[in-house]
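The file target_2.tsv comes next; it holds TSV, N, CA and C atoms.
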```
chain	number	residue	atom	x	y	z
A	236	MET	N	2.65	-27.75	16.08
A	236	MET	CA	2.88	-26.76	15.06
A	236	MET	C	3.71	-25.63	15.66
A	237	LYS	N	4.69	-25.20	14.90
A	237	LYS	CA	5.55	-24.13	15.34
A	237	LYS	C	4.90	-22.79	15.02
A	238	GLN	N	4.72	-21.96	16.04
A	238	GLN	CA	4.07	-20.68	15.81
A	238	GLN	C	5.11	-19.59	15.62
A	239	THR	N	5.23	-19.17	14.39
A	239	THR	CA	6.16	-18.10	14.06
A	239	THR	C	5.38	-16.82	13.81
A	240	SER	N	6.10	-15.73	13.60
A	240	SER	CA	5.42	-14.47	13.31
A	240	SER	C	4.66	-14.54	11.99
A	241	ALA	N	5.18	-15.28	11.02
A	241	ALA	CA	4.47	-15.43	9.75
A	241	ALA	C	3.16	-16.17	9.95
A	242	PHE	N	3.14	-17.15	10.82
A	242	PHE	CA	1.91	-17.88	11.12
A	242	PHE	C	0.89	-16.96	11.77
A	243	VAL	N	1.33	-16.17	12.73
A	243	VAL	CA	0.41	-15.27	13.44
A	243	VAL	C	-0.15	-14.23	12.47
A	244	ILE	N	0.68	-13.66	11.62
A	244	ILE	CA	0.21	-12.67	10.65
A	244	ILE	C	-0.79	-13.29	9.70
A	245	SER	N	-0.51	-14.49	9.23
A	245	SER	CA	-1.43	-15.12	8.28
A	245	SER	C	-2.75	-15.49	8.94
A	246	GLU	N	-2.74	-15.78	10.23
A	246	GLU	CA	-3.98	-16.11	10.93
A	246	GLU	C	-4.87	-14.88	11.11
A	247	PHE	N	-4.27	-13.70	11.25
A	247	PHE	CA	-5.05	-12.48	11.44
A	247	PHE	C	-5.40	-11.79	10.13
A	248	THR	N	-4.81	-12.17	9.04
A	248	THR	CA	-5.05	-11.50	7.77
A	248	THR	C	-6.47	-11.74	7.28
A	249	ASN	N	-6.93	-12.96	7.29
A	249	ASN	CA	-8.26	-13.26	6.77
A	249	ASN	C	-9.38	-12.60	7.57
A	250	PRO	N	-9.41	-12.70	8.90
A	250	PRO	CA	-10.50	-12.03	9.63
A	250	PRO	C	-10.47	-10.51	9.49
A	251	SER	N	-9.28	-9.91	9.51
A	251	SER	CA	-9.22	-8.46	9.39
A	251	SER	C	-9.61	-8.01	7.98
A	252	GLY	N	-9.23	-8.79	6.97
A	252	GLY	CA	-9.63	-8.46	5.61
A	252	GLY	C	-11.13	-8.59	5.42
A	253	GLU	N	-11.70	-9.62	6.00
A	253	GLU	CA	-13.14	-9.82	5.91
A	253	GLU	C	-13.88	-8.69	6.61
A	254	THR	N	-13.40	-8.26	7.76
A	254	THR	CA	-14.02	-7.17	8.48
A	254	THR	C	-13.94	-5.87	7.68
A	255	ALA	N	-12.77	-5.58	7.12
A	255	ALA	CA	-12.61	-4.36	6.31
A	255	ALA	C	-13.51	-4.42	5.08
A	256	TYR	N	-13.63	-5.58	4.47
A	256	TYR	CA	-14.49	-5.75	3.30
A	256	TYR	C	-15.95	-5.47	3.65
A	257	ARG	N	-16.40	-6.00	4.78
A	257	ARG	CA	-17.80	-5.79	5.18
A	257	ARG	C	-18.07	-4.33	5.55
A	258	VAL	N	-17.15	-3.70	6.26
A	258	VAL	CA	-17.33	-2.29	6.63
A	258	VAL	C	-17.33	-1.42	5.38
A	259	ALA	N	-16.38	-1.65	4.48
A	259	ALA	CA	-16.31	-0.86	3.26
A	259	ALA	C	-17.55	-1.07	2.40
A	260	GLY	N	-18.03	-2.29	2.31
A	260	GLY	CA	-19.23	-2.57	1.53
A	260	GLY	C	-20.46	-1.88	2.10
A	261	THR	N	-20.57	-1.88	3.43
A	261	THR	CA	-21.69	-1.21	4.06
A	261	THR	C	-21.63	0.30	3.83
A	262	LEU	N	-20.44	0.88	3.94
A	262	LEU	CA	-20.30	2.32	3.69
A	262	LEU	C	-20.64	2.68	2.26
A	263	VAL	N	-20.21	1.86	1.32
A	263	VAL	CA	-20.52	2.11	-0.08
A	263	VAL	C	-22.02	2.00	-0.33
A	264	ASP	N	-22.66	1.02	0.27
A	264	ASP	CA	-24.12	0.87	0.11
A	264	ASP	C	-24.87	2.08	0.67
A	265	TRP	N	-24.45	2.58	1.81
A	265	TRP	CA	-25.16	3.67	2.45
A	265	TRP	C	-24.84	5.04	1.85
A	266	PHE	N	-23.53	5.30	1.63
A	266	PHE	CA	-23.11	6.66	1.27
A	266	PHE	C	-22.46	6.77	-0.10
A	267	GLY	N	-22.11	5.66	-0.72
A	267	GLY	CA	-21.37	5.70	-1.99
A	267	GLY	C	-19.87	5.68	-1.72
A	268	TYR	N	-19.11	5.75	-2.80
A	268	TYR	CA	-17.65	5.67	-2.67
A	268	TYR	C	-17.03	6.92	-2.06
A	269	SER	N	-17.72	8.02	-2.09
A	269	SER	CA	-17.15	9.26	-1.55
A	269	SER	C	-16.84	9.13	-0.06
A	270	ALA	N	-17.63	8.35	0.68
A	270	ALA	CA	-17.37	8.17	2.10
A	270	ALA	C	-16.03	7.48	2.34
A	271	LEU	N	-15.72	6.47	1.52
A	271	LEU	CA	-14.43	5.79	1.67
A	271	LEU	C	-13.27	6.73	1.36
A	272	PHE	N	-13.42	7.54	0.32
A	272	PHE	CA	-12.35	8.48	-0.03
A	272	PHE	C	-12.15	9.53	1.05
A	273	LEU	N	-13.24	10.03	1.63
A	273	LEU	CA	-13.12	11.02	2.70
A	273	LEU	C	-12.48	10.42	3.95
A	274	ILE	N	-12.88	9.21	4.29
A	274	ILE	CA	-12.28	8.55	5.46
A	274	ILE	C	-10.79	8.30	5.21
A	275	GLY	N	-10.47	7.84	4.00
A	275	GLY	CA	-9.07	7.57	3.67
A	275	GLY	C	-8.19	8.81	3.71
A	276	THR	N	-8.73	9.94	3.23
A	276	THR	CA	-7.93	11.16	3.25
A	276	THR	C	-7.77	11.70	4.66
A	277	GLY	N	-8.62	11.29	5.59
A	277	GLY	CA	-8.45	11.72	6.97
A	277	GLY	C	-7.61	10.79	7.80
A	278	VAL	N	-7.68	9.49	7.51
A	278	VAL	CA	-6.99	8.50	8.33
A	278	VAL	C	-5.49	8.45	8.04
A	279	PHE	N	-5.12	8.52	6.78
A	279	PHE	CA	-3.70	8.37	6.45
A	279	PHE	C	-2.83	9.51	6.98
A	280	PRO	N	-3.24	10.77	6.92
A	280	PRO	CA	-2.41	11.81	7.55
A	280	PRO	C	-2.30	11.64	9.06
A	281	VAL	N	-3.36	11.19	9.70
A	281	VAL	CA	-3.30	10.96	11.16
A	281	VAL	C	-2.31	9.85	11.47
A	282	ALA	N	-2.34	8.78	10.69
A	282	ALA	CA	-1.39	7.68	10.90
A	282	ALA	C	0.04	8.14	10.65
A	283	ALA	N	0.23	8.96	9.63
A	283	ALA	CA	1.57	9.49	9.35
A	283	ALA	C	2.06	10.36	10.49
A	284	LEU	N	1.17	11.16	11.07
A	284	LEU	CA	1.55	12.01	12.20
A	284	LEU	C	1.94	11.16	13.41
A	285	ILE	N	1.20	10.10	13.66
A	285	ILE	CA	1.51	9.21	14.79
A	285	ILE	C	2.88	8.56	14.59
A	286	VAL	N	3.13	8.05	13.39
A	286	VAL	CA	4.43	7.42	13.11
A	286	VAL	C	5.55	8.44	13.23
A	287	TRP	N	5.34	9.65	12.72
A	287	TRP	CA	6.36	10.69	12.77
A	287	TRP	C	6.68	11.06	14.21
A	288	ARG	N	5.64	11.22	15.05
A	288	ARG	CA	5.87	11.56	16.45
A	288	ARG	C	6.59	10.45	17.20
A	289	CYS	N	6.23	9.21	16.93
A	289	CYS	CA	6.91	8.08	17.58
A	289	CYS	C	8.36	8.01	17.15
A	290	TYR	N	8.63	8.34	15.89
A	290	TYR	CA	10.00	8.33	15.40
A	290	TYR	C	10.83	9.40	16.08
A	291	LEU	N	10.24	10.57	16.31
A	291	LEU	CA	10.99	11.65	16.95
A	291	LEU	C	11.24	11.38	18.42
A	292	ARG	N	10.41	10.61	19.07
A	292	ARG	CA	10.59	10.32	20.50
A	292	ARG	C	11.66	9.28	20.76
A	293	ARG	N	12.08	8.58	19.73
A	293	ARG	CA	13.10	7.56	19.92
A	293	ARG	C	14.43	8.22	20.24
A	294	PRO	N	15.16	7.76	21.24
A	294	PRO	CA	16.45	8.37	21.56
A	294	PRO	C	17.46	8.12	20.44
A	295	ALA	N	18.28	9.11	20.23
A	295	ALA	CA	19.29	9.01	19.19
A	295	ALA	C	20.33	7.95	19.58
A	296	ALA	N	20.84	7.27	18.60
A	296	ALA	CA	21.87	6.26	18.84
A	296	ALA	C	23.18	6.98	19.20
A	297	SER	N	23.82	6.48	20.22
A	297	SER	CA	25.08	7.11	20.61
A	297	SER	C	26.24	6.46	19.88
A	298	ASN	N	27.21	7.26	19.53
A	298	ASN	CA	28.38	6.79	18.81
A	298	ASN	C	29.60	7.03	19.70
A	299	ASN	N	29.76	6.18	20.68
A	299	ASN	CA	30.88	6.31	21.61
A	299	ASN	C	32.01	5.40	21.18
A	300	SER	N	32.74	5.82	20.19
A	300	SER	CA	33.85	5.00	19.70
A	300	SER	C	35.18	5.45	20.26
A	301	GLU	N	35.14	6.32	21.27
A	301	GLU	CA	36.39	6.82	21.86
A	301	GLU	C	36.99	5.84	22.83
```

Just give me the structure as structure tokens.
Amino acid sequence: MKQTSAFVISEFTNPSGETAYRVAGTLVDWFGYSALFLIGTGVFPVAALIVWRCYLRRPAASNNSE
């Protein structure tokens, strides 16, 4: 079998989805939906900050057409 990036992604999708489903279900059972909303509002800005910082650290492309 040829292992491509699509194969690898599809192999990790089911276990990660199942894990997220179980964690979310447990949180909802214990705390209700408000816990998921609070976690989501905290996680997404942190992820955006990480992506933004990584983007700024990338060296600018040089345009040496002289």

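The spacing separating CA of Ala255 in chain A from atom N of Ser240 in chain A amounts to 23.1 Å.
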
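The space separating CA of Val263 in chain A from CA of Val278 in chain A comes to 17.2 Å.
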
Give me every helix (DSSP H, G or I) residue in chain A, going by DSSP on the backbone, as a VMD selection string. chain A and resid 240 to 266 268 to 292

What does the distance from atom N of Thr276 in chain A to CA of Ala259 in chain A come to in Å, to one decimal? 13.2 Å

Go ahead and fit an axis-aligned box to every listed atom of range 239-253 of chain A plus 4 Å each side, and pass me the centre and edge lengths in Å, one decimal, as lines of an AutoDock Vina configuration file.
```
center_x = -3.9
center_y = -13.6
center_z = 9.9
size_x = 28.0
size_y = 19.2
size_z = 17.0
```
